[in-house]
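Engineer: This is the structure I have questions about; it appears just below.
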Amino acid sequence: MWQALQDRKSAAAAGVAATVLVLFTIAYVTAPLGAEARPWISNLVTLSAGWSVAVLAFLLWRGYDAREPAKRIWLGLLIGFALWAIGETLWTYYDLRLGAEVPFPSLADLAWALGYLPLWVALFLRYRSIEVRGGSALWAALIVLGLVAVIVLRYILWPIITYPDYERSIEKFLDVFYPVGDLILLLGAVMVSIALRGGRLSSAWQLVAVGMAVLGVADLLFVYASWNEIYISEGTPNLITFLADVPYVGAYLIIAVGEYVQARLEGTV
């Protein structure tokens, strides 16, 4: 994977992304502008990172010939990331309105939920296009993912499924859909990442896959923390809030670096 950063401009892009993540983490933890500024910093950095991923996906999709399989793969990523960027935009609007509570479900949830399907399809198409499979490493990863799925089922899905006091079925559907969607995203991303081990041409895509895996894990932590009402949206964040928010931004940045490296290899930037 690190072979992708041997190019000077690609290494510089990775350095910029790492610097952004470090500065964001410091600002998130220390709140130098005051606790009331933390949601603004968190939302605006997440929003910028999300749209960067969508724009880079567009540049890559545009650079391929219509007859190339990669065109369809990047179209799926473009649609999925664009929908998620729209979701981040709507969430930012809801969250930063003074004195307003974020509605659930909302148009942001619609955008996020719709975004999963093209991302799943893109990962499936990418994995199917790889001639060499992961071998024993893939089986080891699948065992670990199976354990993760059991944990998610026990501590996230089962409490949601058995909760008797839902007022609207759409709320229960989304509460179940998000962790299931994250698990499928995590599975696809890990399978692609392992199958692409080694090789400069594949390492850029491996960065994208790793970023999507981190995104799935961070979102699972957010779902767990939100359901158990331990996610802190105002005031000093606790550990699980930190682990949900900071890696979420980091995941977008990893994906963006992978996309930039791929775009450099394809000559689209």
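Going through the structure tokens in order, the chains are called A, B, and so on, while each chain numbers its residues from 1 and the ligands are numbered from 1 in the order shown.
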I want to know what sits within 9 Å of Leu185 (chain A), based on only C-alpha atoms, with residues of the same chain fewer than 6 positions away left out; could you give that as a PyMOL selection string?
Structural biologist: chain A and resi 116+119-120+123+212-213+215-216
Engineer: Residues of the last selection are to be written out with C-alpha atoms, as a PDB file, in the first residue's frame.
Structural biologist:
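Listed below is the output, result22.pdb:
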ATOM      1  CA  TYR A 116     -24.823   2.336   0.381  1.00  0.00           C
ATOM      2  CA  LEU A 119     -20.841   1.582  -2.939  1.00  0.00           C
ATOM      3  CA  TRP A 120     -21.626  -2.115  -2.375  1.00  0.00           C
ATOM      4  CA  LEU A 123     -16.762  -2.971  -4.274  1.00  0.00           C
ATOM      5  CA  MET A 212     -13.980   2.535   3.356  1.00  0.00           C
ATOM      6  CA  ALA A 213     -13.343  -0.158   5.971  1.00  0.00           C
ATOM      7  CA  LEU A 215     -15.519   4.442   7.584  1.00  0.00           C
ATOM      8  CA  GLY A 216     -17.691   1.394   8.240  1.00  0.00           C
TER       9      GLY A 216
END
Engineer: Quick one: pick out all helix (DSSP H, G or I) residues within region 225-264 of chain A from a backbone DSSP run and write them as number ranges by chain.
Structural biologist: A: 225-227, 239-264
Engineer: Could you save those same residues with N, CA and C atoms as a PDB file, in the first residue's frame?
Structural biologist:
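Generated output (part-v7.pdb):
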ATOM      1  N   ALA A 225     -23.038   4.090  19.959  1.00  0.00           N
ATOM      2  CA  ALA A 225     -23.032   5.169  20.948  1.00  0.00           C
ATOM      3  C   ALA A 225     -24.346   5.935  20.934  1.00  0.00           C
ATOM      4  N   SER A 226     -24.901   6.163  19.755  1.00  0.00           N
ATOM      5  CA  SER A 226     -26.166   6.887  19.659  1.00  0.00           C
ATOM      6  C   SER A 226     -27.306   6.085  20.272  1.00  0.00           C
ATOM      7  N   TRP A 227     -27.344   4.786  19.977  1.00  0.00           N
ATOM      8  CA  TRP A 227     -28.418   3.949  20.496  1.00  0.00           C
ATOM      9  C   TRP A 227     -28.391   3.887  22.013  1.00  0.00           C
ATOM     10  N   LEU A 239     -14.620   8.921  25.170  1.00  0.00           N
ATOM     11  CA  LEU A 239     -13.752   8.115  24.308  1.00  0.00           C
ATOM     12  C   LEU A 239     -14.490   7.578  23.093  1.00  0.00           C
ATOM     13  N   ILE A 240     -15.694   7.041  23.283  1.00  0.00           N
ATOM     14  CA  ILE A 240     -16.384   6.428  22.149  1.00  0.00           C
ATOM     15  C   ILE A 240     -16.838   7.493  21.141  1.00  0.00           C
ATOM     16  N   THR A 241     -17.149   8.686  21.617  1.00  0.00           N
ATOM     17  CA  THR A 241     -17.478   9.774  20.698  1.00  0.00           C
ATOM     18  C   THR A 241     -16.259  10.143  19.870  1.00  0.00           C
ATOM     19  N   PHE A 242     -15.110  10.209  20.525  1.00  0.00           N
ATOM     20  CA  PHE A 242     -13.850  10.477  19.825  1.00  0.00           C
ATOM     21  C   PHE A 242     -13.570   9.403  18.776  1.00  0.00           C
ATOM     22  N   LEU A 243     -13.756   8.128  19.152  1.00  0.00           N
ATOM     23  CA  LEU A 243     -13.472   7.021  18.239  1.00  0.00           C
ATOM     24  C   LEU A 243     -14.465   6.941  17.090  1.00  0.00           C
ATOM     25  N   ALA A 244     -15.632   7.533  17.262  1.00  0.00           N
ATOM     26  CA  ALA A 244     -16.601   7.580  16.174  1.00  0.00           C
ATOM     27  C   ALA A 244     -16.328   8.742  15.233  1.00  0.00           C
ATOM     28  N   ASP A 245     -15.912   9.887  15.775  1.00  0.00           N
ATOM     29  CA  ASP A 245     -15.792  11.099  14.979  1.00  0.00           C
ATOM     30  C   ASP A 245     -14.450  11.238  14.263  1.00  0.00           C
ATOM     31  N   VAL A 246     -13.354  11.075  14.988  1.00  0.00           N
ATOM     32  CA  VAL A 246     -12.035  11.332  14.399  1.00  0.00           C
ATOM     33  C   VAL A 246     -11.667  10.303  13.327  1.00  0.00           C
ATOM     34  N   PRO A 247     -11.813   8.988  13.569  1.00  0.00           N
ATOM     35  CA  PRO A 247     -11.536   8.041  12.484  1.00  0.00           C
ATOM     36  C   PRO A 247     -12.478   8.215  11.293  1.00  0.00           C
ATOM     37  N   TYR A 248     -13.677   8.711  11.520  1.00  0.00           N
ATOM     38  CA  TYR A 248     -14.622   8.952  10.423  1.00  0.00           C
ATOM     39  C   TYR A 248     -14.036   9.976   9.448  1.00  0.00           C
ATOM     40  N   VAL A 249     -13.499  11.067   9.994  1.00  0.00           N
ATOM     41  CA  VAL A 249     -12.830  12.060   9.152  1.00  0.00           C
ATOM     42  C   VAL A 249     -11.579  11.460   8.524  1.00  0.00           C
ATOM     43  N   GLY A 250     -10.809  10.711   9.331  1.00  0.00           N
ATOM     44  CA  GLY A 250      -9.602  10.072   8.810  1.00  0.00           C
ATOM     45  C   GLY A 250      -9.896   9.129   7.659  1.00  0.00           C
ATOM     46  N   ALA A 251     -11.032   8.445   7.723  1.00  0.00           N
ATOM     47  CA  ALA A 251     -11.404   7.515   6.653  1.00  0.00           C
ATOM     48  C   ALA A 251     -11.624   8.252   5.342  1.00  0.00           C
ATOM     49  N   TYR A 252     -12.342   9.367   5.395  1.00  0.00           N
ATOM     50  CA  TYR A 252     -12.536  10.170   4.186  1.00  0.00           C
ATOM     51  C   TYR A 252     -11.193  10.620   3.617  1.00  0.00           C
ATOM     52  N   LEU A 253     -10.278  11.021   4.492  1.00  0.00           N
ATOM     53  CA  LEU A 253      -8.974  11.500   4.033  1.00  0.00           C
ATOM     54  C   LEU A 253      -8.159  10.381   3.400  1.00  0.00           C
ATOM     55  N   ILE A 254      -8.223   9.178   3.967  1.00  0.00           N
ATOM     56  CA  ILE A 254      -7.526   8.028   3.372  1.00  0.00           C
ATOM     57  C   ILE A 254      -8.072   7.734   1.983  1.00  0.00           C
ATOM     58  N   ILE A 255      -9.402   7.751   1.862  1.00  0.00           N
ATOM     59  CA  ILE A 255     -10.029   7.507   0.559  1.00  0.00           C
ATOM     60  C   ILE A 255      -9.596   8.573  -0.440  1.00  0.00           C
ATOM     61  N   ALA A 256      -9.578   9.832   0.004  1.00  0.00           N
ATOM     62  CA  ALA A 256      -9.191  10.926  -0.882  1.00  0.00           C
ATOM     63  C   ALA A 256      -7.760  10.766  -1.376  1.00  0.00           C
ATOM     64  N   VAL A 257      -6.853  10.351  -0.485  1.00  0.00           N
ATOM     65  CA  VAL A 257      -5.463  10.130  -0.902  1.00  0.00           C
ATOM     66  C   VAL A 257      -5.394   8.997  -1.919  1.00  0.00           C
ATOM     67  N   GLY A 258      -6.120   7.910  -1.651  1.00  0.00           N
ATOM     68  CA  GLY A 258      -6.136   6.801  -2.603  1.00  0.00           C
ATOM     69  C   GLY A 258      -6.669   7.225  -3.957  1.00  0.00           C
ATOM     70  N   GLU A 259      -7.725   8.020  -3.959  1.00  0.00           N
ATOM     71  CA  GLU A 259      -8.293   8.508  -5.218  1.00  0.00           C
ATOM     72  C   GLU A 259      -7.302   9.415  -5.951  1.00  0.00           C
ATOM     73  N   TYR A 260      -6.623  10.278  -5.198  1.00  0.00           N
ATOM     74  CA  TYR A 260      -5.655  11.186  -5.823  1.00  0.00           C
ATOM     75  C   TYR A 260      -4.507  10.404  -6.455  1.00  0.00           C
ATOM     76  N   VAL A 261      -4.018   9.397  -5.725  1.00  0.00           N
ATOM     77  CA  VAL A 261      -2.943   8.567  -6.268  1.00  0.00           C
ATOM     78  C   VAL A 261      -3.406   7.858  -7.535  1.00  0.00           C
ATOM     79  N   GLN A 262      -4.616   7.313  -7.511  1.00  0.00           N
ATOM     80  CA  GLN A 262      -5.161   6.641  -8.692  1.00  0.00           C
ATOM     81  C   GLN A 262      -5.322   7.631  -9.848  1.00  0.00           C
ATOM     82  N   ALA A 263      -5.785   8.839  -9.527  1.00  0.00           N
ATOM     83  CA  ALA A 263      -5.934   9.856 -10.566  1.00  0.00           C
ATOM     84  C   ALA A 263      -4.583  10.250 -11.154  1.00  0.00           C
ATOM     85  N   ARG A 264      -3.546  10.267 -10.312  1.00  0.00           N
ATOM     86  CA  ARG A 264      -2.197  10.553 -10.823  1.00  0.00           C
ATOM     87  C   ARG A 264      -1.739   9.451 -11.767  1.00  0.00           C
TER      88      ARG A 264
END
Engineer: Residues near region 154-164 of chain A, anyone? I mean within 8 Å using only C-alpha atoms, not counting same-chain ones fewer than 4 positions away, as an mmCIF file with C-alpha atoms, in the first residue's frame.
Structural biologist:
data_model
loop_
_atom_site.group_PDB
_atom_site.id
_atom_site.type_symbol
_atom_site.label_atom_id
_atom_site.label_comp_id
_atom_site.auth_asym_id
_atom_site.auth_seq_id
_atom_site.Cartn_x
_atom_site.Cartn_y
_atom_site.Cartn_z
ATOM 1 C CA VAL A 150 -21.478 -11.518 16.069
ATOM 2 C CA LYS A 172 -36.612 0.907 13.167
ATOM 3 C CA ASP A 175 -31.656 1.753 12.855
ATOM 4 C CA VAL A 176 -31.283 -1.812 11.533
ATOM 5 C CA PRO A 179 -25.249 -1.353 10.985
ATOM 6 C CA VAL A 223 -24.642 3.758 15.817
ATOM 7 C CA TYR A 224 -23.760 1.942 19.062
ATOM 8 C CA TRP A 227 -28.418 3.949 20.496
#
Engineer: Calculated over only C-alpha atoms, which of the candidates A:Val180, A:Leu145, A:Ser129, A:Ile232 has the smallest distance to Ala195 (chain A)?
Structural biologist: A:Ser129
Engineer: Would you mind reading off the distance between CA of Phe58 (chain A) and CA of Met191 (chain A), one decimal, in Å?
Structural biologist: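 These two atoms are separated by 23.8 Å.
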Engineer: For Arg72 (chain A), please output as a count of residues only all residues within 9 Å (counting only C-alpha atoms; exclusion window: fewer than 4 positions along the same chain).
Structural biologist: 7
Engineer: So that I can see what lies close to Arg38 (chain A), please list as a list in words the residues with an atom at most 12 Å from it, counting only C-alpha atoms and leaving out residues fewer than 6 positions away in the same chain.
Structural biologist: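 Everything that qualifies: Phe24, Thr25, Ile26, Ala27, Tyr28, Val29, Thr30, Ala31, Pro32, Leu44, Val45, Asp95, Leu96, Ile232, Ser233, Glu234, Gly235, Thr236, Pro237, Phe242 and Asp245 of chain A.
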Engineer: Pick out the residues sitting within 9 Å of Ile79 (chain A), and hand them over as a list of chain:residue names; count only C-alpha atoms, and ignore anything fewer than 4 positions along from it in its own chain.
Structural biologist: A:Ala54, A:Ala57, A:Phe58, A:Trp74, A:Leu75, A:Leu83, A:Trp84, A:Gly115, A:Pro118, A:Leu119
Engineer: How many Å separate CA of Glu171 (chain A) from CA of Ser106 (chain A)?
Structural biologist: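 Computing the Euclidean distance for CA of Glu171 (chain A) and CA of Ser106 (chain A) yields 10.1 Å.
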Engineer: Contacts of Ala137 (chain A) at 9 Å or less, counting only C-alpha atoms, minus same-chain residues fewer than 3 places along, as an MDAnalysis selection string?
Structural biologist: chainID A and resid 134 140:142 194:195
Engineer: Quick one: distance from CA of Leu60 (chain A) to CA of Glu266 (chain A) in Å, one decimal?
Structural biologist: 7.9 Å
Engineer: Can I get the residues of region 26-45 of chain A within 12 Å of region 86-92 of chain A, each with the closest pair of atoms and their distance in Å to one decimal, using only C-alpha atoms, sorted chain first then ascending number, as a Markdown table?
Structural biologist:
| residue | atom | partner | partner_atom | distance |
| --- | --- | --- | --- | --- |
| A:Pro39 | CA | A:Thr92 | CA | 9.0 |
| A:Trp40 | CA | A:Thr92 | CA | 8.4 |
| A:Ile41 | CA | A:Thr92 | CA | 10.5 |
| A:Ser42 | CA | A:Thr92 | CA | 9.3 |
| A:Asn43 | CA | A:Thr92 | CA | 5.7 |
| A:Leu44 | CA | A:Thr92 | CA | 7.4 |
| A:Val45 | CA | A:Thr92 | CA | 10.3 |
